[in-house]
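Beneath this line is the structure, given in structure tokens, with notes to follow.
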There are 2 protein chains.
Amino acid sequence: MIKRRGTLFVVSAPSGAGKTTLCREMRLRLPELAYSVSVTTRPPRPGEMDGVDFRFVGEGAFHAMLARGELAEWATVHGNLYGTPARPLENALAAGADVLLDIDTQGAAQLRTRYPEAVLVFIVAPSMAELEQRLRERRSDHEGEIARRLQRAREEIALWRRYDYLIVNRDVKEAMEQLASIIQAERCRTGRLGLSFPDLEVPN
Amino acid sequence: MIKRRGTLFVVSAPSGAGKTTLCREMRLRLPELAYSVSVTTRPPRPGEMDGVDFRFVGEGAFHAMLARGELAEWATVHGNLYGTPARPLENALAAGADVLLDIDTQGAAQLRTRYPEAVLVFIVAPSMAELEQRLRERRSDHEGEIARRLQRAREEIALWRRYDYLIVNRDVKEAMEQLASIIQAERCRTGRLGLSFPDLEVPN
């Protein structure tokens with residue numbers, strides 16, 4: 001019997017679209033999903049834990065990982081470096097686990113190249129006005145930072161056609177249902193079942 | 001603003017896989033789904049209503065509809081003719097309604113040719129032994145009929161790779177969730193949203 005390879009689900013979204021909340025809730029709802037703790041050079045926000053939310057490293061350590069080929073993707077976002085360790089990701093997929101990654105648009109493009117069979121999901125706020133309001137409610141960012149994030153959001157939204165699925169996050173519960181449906185539906189795709197269909201007694 | 005075209009969902013399954021129950025339940029759960037009443041030359045089973053379950057017609061009337069090009073697909077199954085009226089189907093899709101059709105493998109192949117963007121879902125029982133038991137429990141068929149349905153099921157199951165999705169119907173509730181997920185996920189596919197994305201303020 002051939003073991004099923006896991007599916008890589010990559011979720012991207014401009015700041016304020018609700019991606020972090022959605023991915024956190026999805027991991028509670030589908031605890032069988034493997035995920036990856038990213039490494040980053042940005043400083044922790046209040047409440048973030050090293051090794052849980054991110055692995056917080058210095059620039060030197062990040063560049064050393066990159067030089068050793070230890071990152072499946074990496075990107076610069078708002079001047080900070082982010083990356084996904086390759087080894088744990090490969091191990092999870094090879095073991096048949098589905099993996100949910102929360103990755104920016106640059107990283108998602110790299111993952112698409114490396115894993116053409118990955119499923120890319122893009123999450124957007126219902127409008128730019130709504131996005132701006134959400135960024136202001138977060139309160140951790142000053143005006144210049146908000147303006148910078150909005151500009152970057154415009155640039156990222158223009159890339160939505162690169163993704164397989166689009167979720168317009170009007171309501172967290174509805175968006176959760178959509179993301180869960182995408183994961184469940186992809187598990188039924190015949191293209192993914194081609195090598196791993198042990199139960200069906202098909203005559204040859 | 002460009003109106004979104006509906007998506008055609010085609011569900012096929014060998015007899016006894018649970019397709020009829022699933023499609024009926026799905027219409028209760030997603031009442032916005034349009035569907036089509038097939039025409040057939042087979043006699044009604046107990047409890048079936050003309051114009052609701054099927055339009056029951058004679059062979060002459062069926063061939064006349066075929067000759068006038070009024071059928072989107074048609075097939076012979078167990079010696080009876082079945083067909084899908086084209087006009088109501090076209091109207092529903094053009095009006096933006098998603099349509100759920102319950103069609104055998106021959107008809108599904110015709111619909112794939114006519115509507116390449118259709119979503120094809122194949123439902124199977126978990127094993128041939130389980131399928132045989134379900135056919136026996138139905139009691140409406142005699143031994144020869146059961147043997148004929150089992151042989152046809154084997155031939156149909158071999159076609160599963162032609163479909164986009166496969167649902168192994170171990171449990172009706174689980175299979176319902178999977179079918180609902182497929183419908184919801186397809187509504188989020190960027191390829192289907194390409195011409196109908198009015199809300200997002202994308203800079204050009």
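Chain labels run A, B, ... following the order of the structure tokens; each chain numbers its residues from 1, and ligands are numbered from 1 in the order shown.
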Chain A onto chain B, all Cα, least squares, as a CSV table (one decimal) with C-alpha atoms, in the first residue's frame:
```
chain,number,residue,atom,x,y,z
A,1,MET,CA,-21.0,44.7,-13.1
A,2,ILE,CA,-20.7,41.3,-14.7
A,3,LYS,CA,-23.1,38.7,-13.4
A,4,ARG,CA,-21.5,35.5,-12.1
A,5,ARG,CA,-22.4,32.4,-14.1
A,6,GLY,CA,-23.6,29.5,-12.0
A,7,THR,CA,-21.5,26.3,-11.5
A,8,LEU,CA,-22.8,22.9,-12.7
A,9,PHE,CA,-22.2,20.1,-10.1
A,10,VAL,CA,-22.6,16.6,-11.6
A,11,VAL,CA,-22.9,13.7,-9.2
A,12,SER,CA,-22.5,10.1,-10.4
A,13,ALA,CA,-22.5,6.9,-8.5
A,14,PRO,CA,-23.1,3.2,-9.1
A,15,SER,CA,-26.5,2.0,-7.8
A,16,GLY,CA,-26.4,1.5,-4.0
A,17,ALA,CA,-23.7,4.1,-3.3
A,18,GLY,CA,-26.2,6.4,-1.7
A,19,LYS,CA,-26.3,9.1,-4.4
A,20,THR,CA,-30.1,9.7,-4.4
A,21,THR,CA,-30.2,10.2,-0.6
A,22,LEU,CA,-27.2,12.5,-0.7
A,23,CYS,CA,-28.5,14.7,-3.5
A,24,ARG,CA,-32.0,14.9,-1.8
A,25,GLU,CA,-30.4,16.0,1.5
A,26,MET,CA,-28.1,18.4,-0.2
A,27,ARG,CA,-31.1,20.2,-1.8
A,28,LEU,CA,-32.7,20.6,1.6
A,29,ARG,CA,-29.4,21.9,3.1
A,30,LEU,CA,-28.6,24.2,0.2
A,31,PRO,CA,-32.0,25.3,-1.0
A,32,GLU,CA,-30.4,27.9,-3.4
A,33,LEU,CA,-29.1,25.0,-5.6
A,34,ALA,CA,-31.1,24.6,-8.8
A,35,TYR,CA,-31.7,21.2,-10.1
A,36,SER,CA,-33.2,19.5,-13.1
A,37,VAL,CA,-35.9,16.9,-13.3
A,38,SER,CA,-34.8,14.2,-15.7
A,39,VAL,CA,-37.0,12.6,-18.3
A,40,THR,CA,-37.0,8.8,-18.3
A,41,THR,CA,-38.7,5.9,-20.0
A,42,ARG,CA,-38.4,3.7,-17.0
A,43,PRO,CA,-41.6,3.0,-15.0
A,44,PRO,CA,-42.0,4.8,-11.7
A,45,ARG,CA,-40.9,3.0,-8.5
A,46,PRO,CA,-43.3,3.0,-5.6
A,47,GLY,CA,-43.5,6.5,-4.1
A,48,GLU,CA,-42.0,8.3,-7.1
A,49,MET,CA,-43.9,11.3,-8.4
A,50,ASP,CA,-44.1,12.4,-12.0
A,51,GLY,CA,-42.6,15.8,-12.5
A,52,VAL,CA,-40.9,15.7,-9.1
A,53,ASP,CA,-38.6,12.7,-9.1
A,54,PHE,CA,-38.7,12.3,-12.9
A,55,ARG,CA,-40.7,13.2,-15.9
A,56,PHE,CA,-41.9,9.7,-17.0
A,57,VAL,CA,-42.4,9.6,-20.8
A,58,GLY,CA,-42.8,6.9,-23.5
A,59,GLU,CA,-40.0,6.0,-25.8
A,60,GLY,CA,-41.6,7.9,-28.7
A,61,ALA,CA,-41.8,11.2,-26.7
A,62,PHE,CA,-38.1,10.7,-25.5
A,63,HIS,CA,-36.8,10.2,-29.1
A,64,ALA,CA,-38.8,13.3,-30.2
A,65,MET,CA,-37.1,15.4,-27.6
A,66,LEU,CA,-33.7,14.0,-28.6
A,67,ALA,CA,-34.4,14.8,-32.3
A,68,ARG,CA,-35.4,18.4,-31.4
A,69,GLY,CA,-32.1,18.8,-29.5
A,70,GLU,CA,-33.8,19.4,-26.3
A,71,LEU,CA,-31.6,17.2,-24.1
A,72,ALA,CA,-28.2,18.3,-22.7
A,73,GLU,CA,-27.2,14.7,-22.1
A,74,TRP,CA,-28.9,11.3,-22.4
A,75,ALA,CA,-28.1,7.7,-21.7
A,76,THR,CA,-29.4,4.2,-21.7
A,77,VAL,CA,-29.2,2.6,-18.2
A,78,HIS,CA,-30.4,-1.0,-17.6
A,79,GLY,CA,-32.4,-0.7,-20.8
A,80,ASN,CA,-34.2,2.5,-19.9
A,81,LEU,CA,-33.6,5.9,-21.4
A,82,TYR,CA,-32.7,8.9,-19.3
A,83,GLY,CA,-32.1,12.6,-20.3
A,84,THR,CA,-31.7,16.1,-19.0
A,85,PRO,CA,-33.7,18.9,-20.6
A,86,ALA,CA,-31.3,21.5,-21.8
A,87,ARG,CA,-33.3,24.7,-21.6
A,88,PRO,CA,-34.0,24.9,-17.8
A,89,LEU,CA,-30.3,24.0,-17.2
A,90,GLU,CA,-29.0,26.7,-19.4
A,91,ASN,CA,-31.4,29.3,-17.9
A,92,ALA,CA,-30.4,28.5,-14.4
A,93,LEU,CA,-26.6,28.7,-15.1
A,94,ALA,CA,-27.0,31.9,-17.0
A,95,ALA,CA,-29.0,33.4,-14.1
A,96,GLY,CA,-26.1,32.6,-11.8
A,97,ALA,CA,-27.6,29.7,-10.0
A,98,ASP,CA,-25.4,26.7,-9.1
A,99,VAL,CA,-27.0,23.5,-10.4
A,100,LEU,CA,-26.8,20.0,-8.9
A,101,LEU,CA,-27.4,17.1,-11.3
A,102,ASP,CA,-27.6,13.5,-10.4
A,103,ILE,CA,-26.4,11.8,-13.6
A,104,ASP,CA,-24.9,8.4,-14.6
A,105,THR,CA,-21.4,8.0,-16.0
A,106,GLN,CA,-22.4,8.2,-19.7
A,107,GLY,CA,-24.3,11.4,-19.1
A,108,ALA,CA,-21.6,12.9,-17.0
A,109,ALA,CA,-19.1,12.4,-19.8
A,110,GLN,CA,-21.4,14.3,-22.2
A,111,LEU,CA,-21.9,17.1,-19.7
A,112,ARG,CA,-18.1,17.4,-19.3
A,113,THR,CA,-17.7,17.9,-23.0
A,114,ARG,CA,-20.6,20.4,-23.2
A,115,TYR,CA,-19.6,22.2,-20.0
A,116,PRO,CA,-15.8,21.8,-19.5
A,117,GLU,CA,-16.0,24.0,-16.3
A,118,ALA,CA,-18.5,21.6,-14.7
A,119,VAL,CA,-17.5,20.0,-11.4
A,120,LEU,CA,-17.8,16.2,-11.5
A,121,VAL,CA,-18.2,14.3,-8.2
A,122,PHE,CA,-18.2,10.5,-8.0
A,123,ILE,CA,-19.7,8.7,-5.0
A,124,VAL,CA,-18.8,5.1,-4.1
A,125,ALA,CA,-19.7,2.6,-1.4
A,126,PRO,CA,-16.7,1.7,0.8
A,127,SER,CA,-16.5,-1.8,-0.8
A,128,MET,CA,-18.2,-4.1,-3.3
A,129,ALA,CA,-19.4,-6.2,-0.4
A,130,GLU,CA,-21.1,-3.2,1.2
A,131,LEU,CA,-22.6,-2.2,-2.1
A,132,GLU,CA,-24.1,-5.7,-2.6
A,133,GLN,CA,-25.6,-5.6,0.9
A,134,ARG,CA,-27.2,-2.2,0.2
A,135,LEU,CA,-28.7,-3.4,-3.0
A,136,ARG,CA,-30.2,-6.4,-1.2
A,137,GLU,CA,-31.6,-4.3,1.5
A,138,ARG,CA,-33.4,-2.2,-1.1
A,139,ARG,CA,-35.5,-5.4,-1.8
A,140,SER,CA,-37.1,-3.9,-4.9
A,141,ASP,CA,-34.7,-5.8,-7.1
A,142,HIS,CA,-34.6,-9.6,-7.8
A,143,GLU,CA,-31.4,-11.6,-7.9
A,144,GLY,CA,-30.8,-11.2,-11.7
A,145,GLU,CA,-31.2,-7.4,-11.3
A,146,ILE,CA,-28.8,-7.3,-8.4
A,147,ALA,CA,-26.2,-9.2,-10.3
A,148,ARG,CA,-26.6,-6.9,-13.3
A,149,ARG,CA,-26.3,-3.8,-11.1
A,150,LEU,CA,-23.2,-5.1,-9.4
A,151,GLN,CA,-21.5,-5.8,-12.8
A,152,ARG,CA,-22.4,-2.4,-14.0
A,153,ALA,CA,-21.1,-0.9,-10.7
A,154,ARG,CA,-17.7,-2.6,-11.3
A,155,GLU,CA,-17.5,-1.0,-14.8
A,156,GLU,CA,-18.5,2.4,-13.5
A,157,ILE,CA,-16.1,2.4,-10.6
A,158,ALA,CA,-13.2,2.0,-13.0
A,159,LEU,CA,-14.1,5.4,-14.4
A,160,TRP,CA,-13.5,7.3,-11.2
A,161,ARG,CA,-10.4,9.1,-12.5
A,162,ARG,CA,-12.6,11.1,-14.9
A,163,TYR,CA,-14.1,12.9,-12.0
A,164,ASP,CA,-12.8,15.9,-10.1
A,165,TYR,CA,-13.7,14.6,-6.7
A,166,LEU,CA,-14.3,11.2,-5.1
A,167,ILE,CA,-16.5,10.7,-2.0
A,168,VAL,CA,-16.3,7.3,-0.3
A,169,ASN,CA,-19.7,7.0,1.3
A,170,ARG,CA,-19.0,5.2,4.6
A,171,ASP,CA,-21.4,7.3,6.5
A,172,VAL,CA,-24.2,9.5,5.1
A,173,LYS,CA,-23.5,12.5,7.5
A,174,GLU,CA,-19.8,12.5,6.6
A,175,ALA,CA,-20.5,12.1,2.9
A,176,MET,CA,-22.9,15.1,3.1
A,177,GLU,CA,-20.2,17.2,4.8
A,178,GLN,CA,-17.8,16.3,2.0
A,179,LEU,CA,-20.3,17.1,-0.8
A,180,ALA,CA,-21.2,20.4,0.9
A,181,SER,CA,-17.5,21.3,1.3
A,182,ILE,CA,-16.9,20.6,-2.4
A,183,ILE,CA,-19.7,23.0,-3.4
A,184,GLN,CA,-18.6,25.7,-0.9
A,185,ALA,CA,-14.9,25.4,-1.9
A,186,GLU,CA,-15.6,25.6,-5.6
A,187,ARG,CA,-17.5,28.9,-5.0
A,188,CYS,CA,-14.2,30.3,-3.6
A,189,ARG,CA,-12.0,29.2,-6.6
A,190,THR,CA,-10.3,32.1,-8.1
A,191,GLY,CA,-10.7,30.6,-11.6
A,192,ARG,CA,-14.5,31.0,-11.2
A,193,LEU,CA,-14.3,34.5,-9.8
A,194,GLY,CA,-12.2,35.9,-12.6
A,195,LEU,CA,-15.0,37.8,-14.3
A,196,SER,CA,-17.2,38.6,-11.4
A,197,PHE,CA,-15.3,40.2,-8.6
A,198,PRO,CA,-17.1,43.4,-7.8
A,199,ASP,CA,-16.2,44.1,-4.2
A,200,LEU,CA,-12.5,44.2,-4.2
A,201,GLU,CA,-10.9,47.5,-4.8
A,202,VAL,CA,-7.9,46.5,-6.9
A,203,PRO,CA,-5.6,49.2,-8.3
A,204,ASN,CA,-4.9,48.9,-12.0
```
Could you please write out, as a short mmCIF file (atom, residue, chain, number, x, y, z; two decimals) with C-alpha atoms, in the first residue's frame, every residue of range 57-92 of chain A that DSSP assigns to strand (DSSP E)?
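The result, stored in result_38.cif:
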```cif
data_model
loop_
_atom_site.label_atom_id
_atom_site.label_comp_id
_atom_site.auth_asym_id
_atom_site.auth_seq_id
_atom_site.Cartn_x
_atom_site.Cartn_y
_atom_site.Cartn_z
CA LEU A 71 14.59 27.46 4.47
CA ALA A 72 11.78 26.32 2.12
CA GLU A 73 10.90 29.97 1.48
CA TRP A 74 11.91 33.33 2.84
CA ALA A 75 10.88 36.95 2.40
CA THR A 76 11.43 40.48 3.59
CA VAL A 77 8.25 42.08 4.95
CA ASN A 80 12.02 42.16 8.64
CA LEU A 81 13.10 38.71 7.46
CA TYR A 82 10.77 35.71 7.67
CA GLY A 83 11.40 32.10 6.67
CA THR A 84 10.00 28.56 6.85
CA PRO A 85 12.34 25.78 8.00
#
```
Those of chain A in DSSP alpha helix (DSSP H), formatted as a VMD selection string: chain A and resid 19 to 29 59 to 67 86 to 94 105 to 114 128 to 138 143 to 157 172 to 187 190 to 193
